[in-house]
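Colleague: My structure is in protein32.cif, and what it holds is mmCIF, C-alpha atoms:
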data_query
#
loop_
_atom_site.label_atom_id
_atom_site.label_comp_id
_atom_site.auth_asym_id
_atom_site.auth_seq_id
_atom_site.Cartn_x
_atom_site.Cartn_y
_atom_site.Cartn_z
CA MET A 1 178.52 121.14 160.96
CA THR A 2 178.75 117.34 161.21
CA GLY A 3 181.62 114.86 161.37
CA GLU A 4 181.40 114.19 157.62
CA LEU A 5 184.58 114.97 155.66
CA SER A 6 183.35 114.75 152.04
CA PHE A 7 183.66 117.47 149.38
CA LYS A 8 179.92 118.05 149.70
CA ALA A 9 180.16 118.48 153.47
CA GLY A 10 182.92 121.02 152.86
CA LEU A 11 180.64 123.04 150.59
CA LYS A 12 177.97 123.05 153.27
CA ASP A 13 180.34 123.94 156.12
CA VAL A 14 181.88 126.91 154.31
CA LEU A 15 178.51 128.51 153.49
CA PRO A 16 178.28 130.83 156.53
CA THR A 17 181.69 132.32 155.75
CA VAL A 18 180.58 133.24 152.21
CA PHE A 19 178.70 136.29 153.53
CA GLY A 20 181.90 137.59 155.06
CA TYR A 21 183.80 137.19 151.79
CA ILE A 22 181.04 138.94 149.86
CA GLY A 23 180.83 141.84 152.30
CA VAL A 24 184.56 142.45 152.57
CA GLY A 25 185.20 141.58 148.90
CA LEU A 26 182.69 144.17 147.65
CA ALA A 27 184.26 146.75 149.94
CA PHE A 28 187.72 145.96 148.59
CA GLY A 29 186.57 146.23 144.97
CA ILE A 30 185.10 149.66 145.69
CA VAL A 31 188.27 150.84 147.44
CA ALA A 32 190.44 149.53 144.58
CA ARG A 33 188.34 151.39 142.04
CA THR A 34 188.54 154.58 144.09
CA ASN A 35 192.32 154.15 143.98
CA HIS A 36 192.23 153.74 140.17
CA ILE A 37 193.17 150.06 140.02
CA GLY A 38 191.58 148.47 136.94
CA VAL A 39 189.09 145.61 137.13
CA TRP A 40 191.53 143.09 135.60
CA LEU A 41 194.19 144.04 138.10
CA VAL A 42 191.68 143.68 140.93
CA LEU A 43 190.95 140.15 139.70
CA LEU A 44 194.67 139.36 139.37
CA MET A 45 195.35 140.67 142.86
CA SER A 46 192.51 138.64 144.38
CA LEU A 47 193.73 135.48 142.63
CA VAL A 48 197.46 135.91 143.32
CA VAL A 49 197.72 137.92 146.55
CA TYR A 50 194.52 136.46 148.04
CA GLY A 51 194.50 138.11 151.47
CA GLY A 52 191.89 140.63 152.54
CA SER A 53 193.94 142.85 154.87
CA VAL A 54 196.99 142.80 152.59
CA GLN A 55 194.92 143.78 149.55
CA PHE A 56 193.45 146.82 151.31
CA VAL A 57 196.93 147.97 152.34
CA LEU A 58 198.35 147.37 148.84
CA ALA A 59 195.53 149.35 147.21
CA THR A 60 196.36 152.32 149.43
CA MET A 61 200.12 152.01 149.02
CA LEU A 62 199.88 151.60 145.23
CA ALA A 63 197.83 154.79 145.04
CA THR A 64 200.62 156.70 146.79
CA ALA A 65 203.28 155.12 144.50
CA SER A 66 205.08 153.33 147.35
CA PRO A 67 208.25 151.35 146.58
CA ILE A 68 207.63 147.64 145.97
CA GLY A 69 210.05 146.73 148.79
CA ALA A 70 207.95 148.65 151.33
CA MET A 71 204.79 146.91 150.12
CA LEU A 72 206.53 143.54 150.36
CA VAL A 73 207.48 144.20 154.00
CA SER A 74 203.91 145.23 154.86
CA ALA A 75 202.46 142.18 153.10
CA VAL A 76 204.78 139.79 154.91
CA LEU A 77 204.13 141.36 158.32
CA ILE A 78 200.37 141.21 157.87
CA HIS A 79 200.40 137.73 156.40
CA ALA A 80 202.93 136.16 158.82
CA ARG A 81 200.13 134.87 161.00
CA MET A 82 199.21 132.48 158.16
CA SER A 83 202.42 130.56 158.90
CA LEU A 84 201.14 129.91 162.41
CA MET A 85 197.86 128.64 161.01
CA SER A 86 199.54 126.49 158.35
CA MET A 87 201.78 124.91 160.95
CA THR A 88 198.82 124.26 163.23
CA VAL A 89 196.75 122.49 160.59
CA ALA A 90 199.59 120.71 158.73
CA PRO A 91 200.17 117.86 161.24
CA TYR A 92 196.64 116.61 160.51
CA LEU A 93 197.43 116.30 156.77
CA ARG A 94 200.97 114.97 157.08
CA ARG A 95 200.11 111.59 155.61
CA GLU A 96 198.52 113.09 152.49
CA PRO A 97 200.60 113.52 149.29
CA THR A 98 202.80 116.60 149.11
CA TRP A 99 200.83 118.15 146.25
CA GLN A 100 197.65 117.95 148.34
CA ASN A 101 199.45 119.74 151.17
CA VAL A 102 200.72 122.43 148.81
CA LEU A 103 197.24 122.93 147.34
CA ILE A 104 195.60 123.22 150.75
CA GLY A 105 198.34 125.58 151.99
CA THR A 106 198.04 127.75 148.88
CA LEU A 107 194.35 128.48 149.43
CA LEU A 108 194.29 128.48 153.25
CA THR A 109 192.57 131.52 154.81
CA ASP A 110 191.76 132.73 158.33
CA GLU A 111 188.23 131.47 157.81
CA THR A 112 188.92 128.02 156.35
CA PHE A 113 191.62 127.51 158.98
CA ALA A 114 189.14 128.29 161.75
CA LEU A 115 186.52 126.05 160.13
CA SER A 116 189.00 123.17 160.00
CA MET A 117 189.80 123.65 163.69
CA ASN A 118 186.07 123.51 164.50
CA LYS A 119 185.75 120.46 162.26
CA LEU A 120 188.54 118.56 164.06
CA ASN A 121 186.46 118.59 167.22
CA LEU A 122 183.73 116.59 165.45
CA THR A 123 185.88 114.12 163.48
CA HIS A 124 188.07 112.55 166.19
CA ARG A 125 190.87 114.94 165.18
CA THR A 126 191.07 113.96 161.48
CA LEU A 127 190.84 116.07 158.31
CA ARG A 128 190.63 115.09 154.64
CA PRO A 129 191.78 116.95 151.51
CA ALA A 130 188.38 116.63 149.78
CA TRP A 131 186.65 118.52 152.58
CA PHE A 132 189.39 121.15 152.72
CA HIS A 133 189.44 121.72 148.96
CA ALA A 134 185.69 122.32 148.92
CA ALA A 135 185.95 124.96 151.64
CA ASN A 136 189.10 126.58 150.20
CA LEU A 137 187.92 126.68 146.58
CA THR A 138 184.54 128.15 147.50
CA ALA A 139 186.22 130.86 149.57
CA TYR A 140 188.71 131.60 146.77
CA LEU A 141 186.12 131.90 144.00
CA VAL A 142 183.60 133.86 146.05
CA TRP A 143 186.32 136.29 147.16
CA ALA A 144 187.55 136.86 143.59
CA ALA A 145 184.00 137.32 142.28
CA ALA A 146 183.00 139.70 145.09
CA THR A 147 186.03 141.94 144.58
CA VAL A 148 185.43 142.10 140.82
CA VAL A 149 181.74 142.95 141.33
CA GLY A 150 182.76 145.64 143.82
CA ALA A 151 185.24 147.10 141.31
CA LEU A 152 182.66 147.03 138.50
CA LEU A 153 179.89 148.62 140.54
CA GLY A 154 182.21 151.04 142.28
CA GLY A 155 180.31 154.06 143.47
CA LEU A 156 176.99 152.62 142.32
CA VAL A 157 176.56 150.86 145.65
CA PRO A 158 177.10 153.53 148.29
CA ASP A 159 174.60 151.64 150.40
CA ALA A 160 176.69 148.45 150.85
CA GLN A 161 177.56 149.79 154.28
CA ALA A 162 173.96 150.47 155.19
CA LEU A 163 173.23 146.78 154.62
CA GLY A 164 175.71 145.91 157.37
CA LEU A 165 177.43 143.40 155.08
CA ASP A 166 180.90 144.58 156.09
CA PHE A 167 180.16 143.28 159.59
CA ALA A 168 179.61 139.72 158.32
CA ALA A 169 183.30 138.90 158.66
CA VAL A 170 183.45 140.09 162.28
CA ALA A 171 180.27 138.19 163.18
CA MET A 172 181.73 135.07 161.60
CA PHE A 173 184.89 135.28 163.70
CA ILE A 174 182.72 135.66 166.81
CA GLY A 175 180.86 132.48 165.87
CA LEU A 176 184.04 130.56 165.02
CA LEU A 177 185.71 131.64 168.28
CA TYR A 178 182.74 130.65 170.43
CA LEU A 179 182.33 127.28 168.70
CA GLN A 180 186.06 126.60 169.06
CA MET A 181 185.93 127.34 172.78
CA ILE A 182 183.01 125.07 173.50
CA THR A 183 183.90 122.19 171.18
CA ASP A 184 187.66 121.91 171.73
CA ARG A 185 187.55 119.64 174.76
CA SER A 186 191.31 119.02 174.74
CA LYS A 187 191.42 121.87 177.26
CA PRO A 188 189.02 122.93 180.02
CA LEU A 189 186.75 125.84 179.10
CA VAL A 190 188.32 127.96 181.83
CA ARG A 191 191.72 127.63 180.11
CA HIS A 192 190.19 128.88 176.84
CA LEU A 193 188.67 131.81 178.74
CA GLU A 194 192.01 132.67 180.32
CA VAL A 195 193.68 132.71 176.90
CA VAL A 196 190.88 134.87 175.43
CA LEU A 197 191.23 137.39 178.26
CA PHE A 198 195.02 137.43 178.00
CA VAL A 199 195.00 137.92 174.23
CA ALA A 200 192.39 140.70 174.49
CA VAL A 201 194.56 142.63 176.96
CA ALA A 202 197.68 141.91 174.88
CA MET A 203 195.91 143.35 171.81
CA VAL A 204 195.10 146.62 173.60
CA VAL A 205 198.69 146.96 174.80
CA ALA A 206 200.24 145.93 171.46
CA GLU A 207 198.11 148.41 169.49
CA ARG A 208 199.79 151.24 171.38
CA VAL A 209 203.03 150.48 169.56
CA VAL A 210 202.30 148.54 166.36
CA PRO A 211 199.52 148.50 163.72
CA GLY A 212 196.54 146.22 164.33
CA THR A 213 197.59 143.47 161.94
CA THR A 214 201.03 143.17 163.58
CA ALA A 215 199.36 143.30 166.98
CA ILE A 216 197.36 140.20 165.96
CA LEU A 217 200.59 138.26 165.44
CA ILE A 218 202.22 139.46 168.66
CA ALA A 219 199.13 138.92 170.82
CA THR A 220 198.60 135.43 169.35
CA VAL A 221 202.16 134.30 170.09
CA ALA A 222 201.95 135.80 173.59
CA GLY A 223 198.58 134.11 174.15
CA CYS A 224 199.94 130.70 173.12
CA LEU A 225 202.94 131.07 175.44
CA PHE A 226 200.61 132.13 178.26
CA GLY A 227 198.41 129.08 177.61
CA MET A 228 201.43 126.75 177.69
CA TRP A 229 202.62 128.29 180.93
CA ARG A 230 199.18 127.86 182.53
CA GLU A 231 198.97 124.26 181.33
CA ASN A 232 202.45 123.34 182.55
CA HIS A 233 202.34 125.10 185.89
CA GLY A 234 199.13 123.80 187.37
CA ASN A 235 196.03 125.65 188.34
CA MET B 1 199.32 154.11 137.62
CA ALA B 2 201.54 151.93 135.40
CA THR B 3 200.19 148.43 134.85
CA SER B 4 203.67 146.89 135.12
CA TYR B 5 204.11 148.49 138.55
CA VAL B 6 200.85 146.99 139.82
CA VAL B 7 201.53 143.58 138.26
CA SER B 8 205.06 143.46 139.73
CA THR B 9 203.69 144.34 143.16
CA ILE B 10 201.06 141.63 142.89
CA LEU B 11 203.58 138.97 141.82
CA VAL B 12 206.24 139.88 144.40
CA CYS B 13 203.81 140.15 147.34
CA GLY B 14 201.74 137.17 146.18
CA GLY B 15 204.85 134.99 145.91
CA ALA B 16 206.09 135.86 149.38
CA MET B 17 202.63 135.31 150.87
CA TRP B 18 202.34 131.94 149.14
CA LEU B 19 205.64 130.84 150.70
CA LEU B 20 204.43 131.90 154.16
CA LYS B 21 201.48 129.53 153.81
CA VAL B 22 203.08 126.60 151.99
CA VAL B 23 206.54 126.28 153.61
CA PRO B 24 205.11 125.27 157.04
CA PHE B 25 203.23 122.40 155.35
CA LEU B 26 206.45 121.15 153.73
CA LEU B 27 208.35 121.57 156.99
CA VAL B 28 205.81 119.58 158.99
CA LYS B 29 205.90 116.86 156.34
CA ALA B 30 209.69 116.64 156.48
CA VAL B 31 210.17 116.58 160.25
CA ALA B 32 207.93 115.63 163.16
CA LEU B 33 207.29 118.71 165.29
CA PRO B 34 208.63 118.60 168.87
CA LYS B 35 206.13 118.23 171.68
CA TRP B 36 206.52 121.76 173.03
CA LEU B 37 205.77 123.22 169.60
CA LEU B 38 202.64 121.08 169.22
CA GLN B 39 201.52 122.28 172.66
CA PHE B 40 202.16 125.89 171.60
CA LEU B 41 200.21 125.39 168.37
CA SER B 42 197.26 123.85 170.24
CA PHE B 43 196.52 127.36 171.56
CA VAL B 44 196.69 129.03 168.14
CA PRO B 45 193.00 128.68 167.12
CA VAL B 46 191.47 130.36 170.19
CA ALA B 47 194.31 132.90 170.50
CA ILE B 48 194.27 134.01 166.87
CA LEU B 49 190.47 134.19 166.61
CA THR B 50 190.39 136.32 169.76
CA ALA B 51 193.08 138.60 168.35
CA ILE B 52 191.24 139.04 165.04
CA PHE B 53 187.96 139.76 166.86
CA VAL B 54 189.49 142.23 169.32
CA GLU B 55 191.25 144.06 166.47
CA SER B 56 187.84 144.83 165.00
CA LEU B 57 186.72 146.27 168.35
CA LEU B 58 189.60 148.73 168.56
CA VAL B 59 190.57 151.91 166.76
CA ALA B 60 194.35 152.41 166.81
CA HIS B 61 195.95 155.76 167.70
CA PRO B 62 199.71 155.21 167.28
CA GLY B 63 201.60 155.97 170.50
CA GLN B 64 198.39 156.13 172.54
CA TRP B 65 195.88 153.66 173.91
CA PRO B 66 193.47 152.42 171.25
CA SER B 67 189.85 153.53 171.59
CA VAL B 68 186.73 151.41 171.21
CA ASN B 69 185.00 150.93 167.85
CA TRP B 70 181.52 151.33 169.35
CA GLU B 71 179.67 150.43 166.18
CA ASN B 72 181.37 147.02 165.99
CA ALA B 73 181.28 146.54 169.76
CA VAL B 74 177.52 147.11 170.02
CA ALA B 75 176.73 144.97 166.95
CA SER B 76 178.87 142.20 168.45
CA LEU B 77 176.57 141.80 171.47
CA PRO B 78 173.61 140.22 169.64
CA ALA B 79 176.09 138.12 167.64
CA VAL B 80 177.64 136.73 170.83
CA VAL B 81 174.20 136.02 172.33
CA THR B 82 173.17 134.26 169.11
CA ALA B 83 176.34 132.13 169.20
CA ILE B 84 175.57 131.03 172.76
CA LEU B 85 171.88 130.34 172.05
CA THR B 86 172.08 128.64 168.63
CA LYS B 87 175.68 127.42 168.20
CA SER B 88 175.01 128.08 164.50
CA LEU B 89 177.61 130.00 162.50
CA LEU B 90 175.04 130.98 159.88
CA ALA B 91 172.66 132.37 162.52
CA VAL B 92 175.49 134.39 164.08
CA VAL B 93 176.42 135.93 160.73
CA VAL B 94 172.81 136.77 159.81
CA VAL B 95 172.02 138.31 163.21
CA GLY B 96 175.32 140.23 163.20
CA VAL B 97 174.66 141.75 159.76
CA LEU B 98 171.05 142.62 160.67
CA ALA B 99 172.22 144.21 163.94
CA MET B 100 174.77 146.36 162.07
CA ALA B 101 172.20 147.33 159.43
CA GLY B 102 169.81 148.26 162.26
CA LEU B 103 172.41 150.36 164.06
CA ARG B 104 173.16 152.30 160.88
CA ALA B 105 169.45 152.71 160.07
CA ILE B 106 168.92 154.49 163.40
CA GLY B 107 172.03 156.58 162.75
CA PHE B 108 174.12 155.10 165.59
#
Please express what this file holds, its structure, as structure tokens.
Modeller:
Amino acid sequence: MTGELSFKAGLKDVLPTVFGYIGVGLAFGIVARTNHIGVWLVLLMSLVVYGGSVQFVLATMLATASPIGAMLVSAVLIHARMSLMSMTVAPYLRREPTWQNVLIGTLLTDETFALSMNKLNLTHRTLRPAWFHAANLTAYLVWAAATVVGALLGGLVPDAQALGLDFAAVAMFIGLLYLQMITDRSKPLVRHLEVVLFVAVAMVVAERVVPGTTAILIATVAGCLFGMWRENHGN
Amino acid sequence: MATSYVVSTILVCGGAMWLLKVVPFLLVKAVALPKWLLQFLSFVPVAILTAIFVESLLVAHPGQWPSVNWENAVASLPAVVTAILTKSLLAVVVVGVLAMAGLRAIGF
């Protein structure tokens, strides 16, 4: 990753995340097919819902004929963390036209958010729509394609797991986290480490009482408050 | 499964999820965020990435302590080492996937 903010640079920067989308997307397509959701509906869901964890939950809940209200609540709880990410990235795009902001917000993902945060550290804290669109669009199209391929192939690829592709997403978050910690010099490394440790413990505690995706939201908010407290009340 | 049921679900959930992502952008454009909120948000990247990573290391058992997902935990080690050594996202992903494939090949 360099400090360049062109469309082309965006295409290059998003490349490593593509493996994660392919691995998880294939897995989702296979799960959807197992739950008797047609290929066209898989495509529609990937294009409209566009959220990995939510789509897995919906596929399961649809198969058990859950009420739409219950699915809506689950989707909102899982996806609420996106509001935190949108609000974190939005100040850097405030001067851009509203439609650019809406477009970037519409296709924002965990991965492109994290990439943009890494990018900020190399660009004197600036972002540009062209770079963001390249990353977002690539992620969007690759995700949709991977889920459709997964749904088409279905049981034909029982070995997708053996290839370890499903781990690509986890590995990518490891890389993004490490790069964020060492390149975000707005805080000392030790502060980042404190927040990491706090959030990790908060996750273990939160998972006792709430599902993992809700735990992510709770632990993140707690971690941010902890970081603020450490920053404001000395060493 | 009725197509209209699936399509309705997709539209309702998709709409709500779109609002969750887009409204903050419009809000930030309309009003300047207070200083304390900006300070809070400055911790979001590291906090949220940690939370997402740790979630993949745990297996939830409602009402009890979560246990460790050993497969993911062990495959994470070479990925972390690769991150420290190369600082390359692509290298981390490739090594992570190969490590997981290796673990499964030996029947871990």
Colleague: Just checking: using all atoms listed in the file, which residue out of B:Ile48, B:Val74, B:Val81, B:Leu37 ends up closest to chain A?
Modeller: B:Ile48
Colleague: Each residue of segment 50-108 of chain A with at least one atom at most 9 Å from segment 194-217 of chain A should appear once, together with its nearest atom pair and the corresponding distance in Å (one decimal); atoms considered: all atoms listed in the file; ordering: chain, then increasing residue number; output as CSV.
Modeller:
residue,atom,partner,partner_atom,distance
A:Ser53,CA,A:Thr213,CA,8.0
A:Leu77,CA,A:Thr214,CA,6.4
A:Ile78,CA,A:Thr213,CA,5.4
A:His79,CA,A:Thr213,CA,8.5
A:Ala80,CA,A:Leu217,CA,7.3
A:Arg81,CA,A:Leu217,CA,5.6
A:Leu84,CA,A:Leu217,CA,8.9
Colleague: In Å, rounded to a single decimal, give me how far atom CA of Met85 of chain A is from atom CA of Leu20 of chain B.
Modeller: 10.0 Å
Colleague: Mind checking which residues fall within 6 Å of segment 1-3 of chain A, counting only C-alpha atoms, ignoring those fewer than 6 positions away in the same chain, and posting them as a list in words?
Modeller: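 Contacts, in chain order: Asp13, Leu122 and Thr123 of chain A.
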Colleague: Just how far from atom CA of Ala171 of chain A is atom CA of Leu103 of chain B, in Å to one decimal?
Modeller: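 Atom CA of Ala171 of chain A lies 14.5 Å from atom CA of Leu103 of chain B.
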Colleague: Expressed in Å to a single decimal, how great is the separation between atom CA of Ala151 of chain A and atom CA of Arg33 of chain A?
Modeller: 5.3 Å
Colleague: Using the chain letters and numbers from this file, what does the PyMOL selection byres ((chain B and resi 95) around 10) select? Give the answer as JSON, numbers by chain.
Modeller: {"A": [168, 171], "B": [75, 76, 78, 79, 80, 81, 82, 83, 90, 91, 92, 93, 94, 96, 97, 98, 99, 100, 101]}
Colleague: Output requested as a PDB file, in the coordinates of the input - segment 33-54 of chain A, filled out with N, CA and C atoms.
Modeller:
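What follows is the written file selection.pdb:
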ATOM      1  N   ARG A  33     188.784 150.526 143.129  1.00  0.00           N
ATOM      2  CA  ARG A  33     188.340 151.390 142.040  1.00  0.00           C
ATOM      3  C   ARG A  33     188.582 152.859 142.388  1.00  0.00           C
ATOM      4  N   THR A  34     188.283 153.210 143.633  1.00  0.00           N
ATOM      5  CA  THR A  34     188.540 154.580 144.090  1.00  0.00           C
ATOM      6  C   THR A  34     190.016 154.929 143.924  1.00  0.00           C
ATOM      7  N   ASN A  35     190.894 153.922 144.107  1.00  0.00           N
ATOM      8  CA  ASN A  35     192.320 154.150 143.980  1.00  0.00           C
ATOM      9  C   ASN A  35     192.829 153.911 142.546  1.00  0.00           C
ATOM     10  N   HIS A  36     191.895 153.854 141.587  1.00  0.00           N
ATOM     11  CA  HIS A  36     192.230 153.740 140.170  1.00  0.00           C
ATOM     12  C   HIS A  36     192.983 152.463 139.815  1.00  0.00           C
ATOM     13  N   ILE A  37     192.609 151.358 140.429  1.00  0.00           N
ATOM     14  CA  ILE A  37     193.170 150.060 140.020  1.00  0.00           C
ATOM     15  C   ILE A  37     192.121 149.392 139.144  1.00  0.00           C
ATOM     16  N   GLY A  38     192.518 149.020 137.915  1.00  0.00           N
ATOM     17  CA  GLY A  38     191.580 148.470 136.940  1.00  0.00           C
ATOM     18  C   GLY A  38     190.979 147.145 137.374  1.00  0.00           C
ATOM     19  N   VAL A  39     189.820 146.824 136.757  1.00  0.00           N
ATOM     20  CA  VAL A  39     189.090 145.610 137.130  1.00  0.00           C
ATOM     21  C   VAL A  39     189.951 144.354 136.954  1.00  0.00           C
ATOM     22  N   TRP A  40     190.701 144.278 135.835  1.00  0.00           N
ATOM     23  CA  TRP A  40     191.530 143.090 135.600  1.00  0.00           C
ATOM     24  C   TRP A  40     192.624 142.955 136.643  1.00  0.00           C
ATOM     25  N   LEU A  41     193.148 144.085 137.084  1.00  0.00           N
ATOM     26  CA  LEU A  41     194.190 144.040 138.100  1.00  0.00           C
ATOM     27  C   LEU A  41     193.606 143.671 139.467  1.00  0.00           C
ATOM     28  N   VAL A  42     192.360 144.085 139.694  1.00  0.00           N
ATOM     29  CA  VAL A  42     191.680 143.680 140.930  1.00  0.00           C
ATOM     30  C   VAL A  42     191.538 142.159 140.944  1.00  0.00           C
ATOM     31  N   LEU A  43     191.115 141.602 139.797  1.00  0.00           N
ATOM     32  CA  LEU A  43     190.950 140.150 139.700  1.00  0.00           C
ATOM     33  C   LEU A  43     192.304 139.454 139.915  1.00  0.00           C
ATOM     34  N   LEU A  44     193.339 139.953 139.241  1.00  0.00           N
ATOM     35  CA  LEU A  44     194.670 139.360 139.370  1.00  0.00           C
ATOM     36  C   LEU A  44     195.140 139.401 140.823  1.00  0.00           C
ATOM     37  N   MET A  45     194.913 140.540 141.469  1.00  0.00           N
ATOM     38  CA  MET A  45     195.350 140.670 142.860  1.00  0.00           C
ATOM     39  C   MET A  45     194.598 139.685 143.757  1.00  0.00           C
ATOM     40  N   SER A  46     193.291 139.555 143.548  1.00  0.00           N
ATOM     41  CA  SER A  46     192.510 138.640 144.380  1.00  0.00           C
ATOM     42  C   SER A  46     192.947 137.194 144.166  1.00  0.00           C
ATOM     43  N   LEU A  47     193.341 136.861 142.925  1.00  0.00           N
ATOM     44  CA  LEU A  47     193.730 135.480 142.630  1.00  0.00           C
ATOM     45  C   LEU A  47     195.158 135.183 143.095  1.00  0.00           C
ATOM     46  N   VAL A  48     196.053 136.164 143.003  1.00  0.00           N
ATOM     47  CA  VAL A  48     197.460 135.910 143.320  1.00  0.00           C
ATOM     48  C   VAL A  48     197.809 136.281 144.761  1.00  0.00           C
ATOM     49  N   VAL A  49     197.401 137.480 145.187  1.00  0.00           N
ATOM     50  CA  VAL A  49     197.720 137.920 146.550  1.00  0.00           C
ATOM     51  C   VAL A  49     196.803 137.192 147.547  1.00  0.00           C
ATOM     52  N   TYR A  50     195.517 137.192 147.272  1.00  0.00           N
ATOM     53  CA  TYR A  50     194.520 136.460 148.040  1.00  0.00           C
ATOM     54  C   TYR A  50     194.674 136.634 149.551  1.00  0.00           C
ATOM     55  N   GLY A  51     194.485 137.857 150.034  1.00  0.00           N
ATOM     56  CA  GLY A  51     194.500 138.110 151.470  1.00  0.00           C
ATOM     57  C   GLY A  51     193.834 139.442 151.707  1.00  0.00           C
ATOM     58  N   GLY A  52     192.704 139.432 152.382  1.00  0.00           N
ATOM     59  CA  GLY A  52     191.890 140.630 152.540  1.00  0.00           C
ATOM     60  C   GLY A  52     192.663 141.838 153.063  1.00  0.00           C
ATOM     61  N   SER A  53     193.276 141.688 154.261  1.00  0.00           N
ATOM     62  CA  SER A  53     193.940 142.850 154.870  1.00  0.00           C
ATOM     63  C   SER A  53     195.083 143.342 154.000  1.00  0.00           C
ATOM     64  N   VAL A  54     195.856 142.406 153.425  1.00  0.00           N
ATOM     65  CA  VAL A  54     196.990 142.800 152.590  1.00  0.00           C
ATOM     66  C   VAL A  54     196.491 143.584 151.368  1.00  0.00           C
TER      67      VAL A  54
END
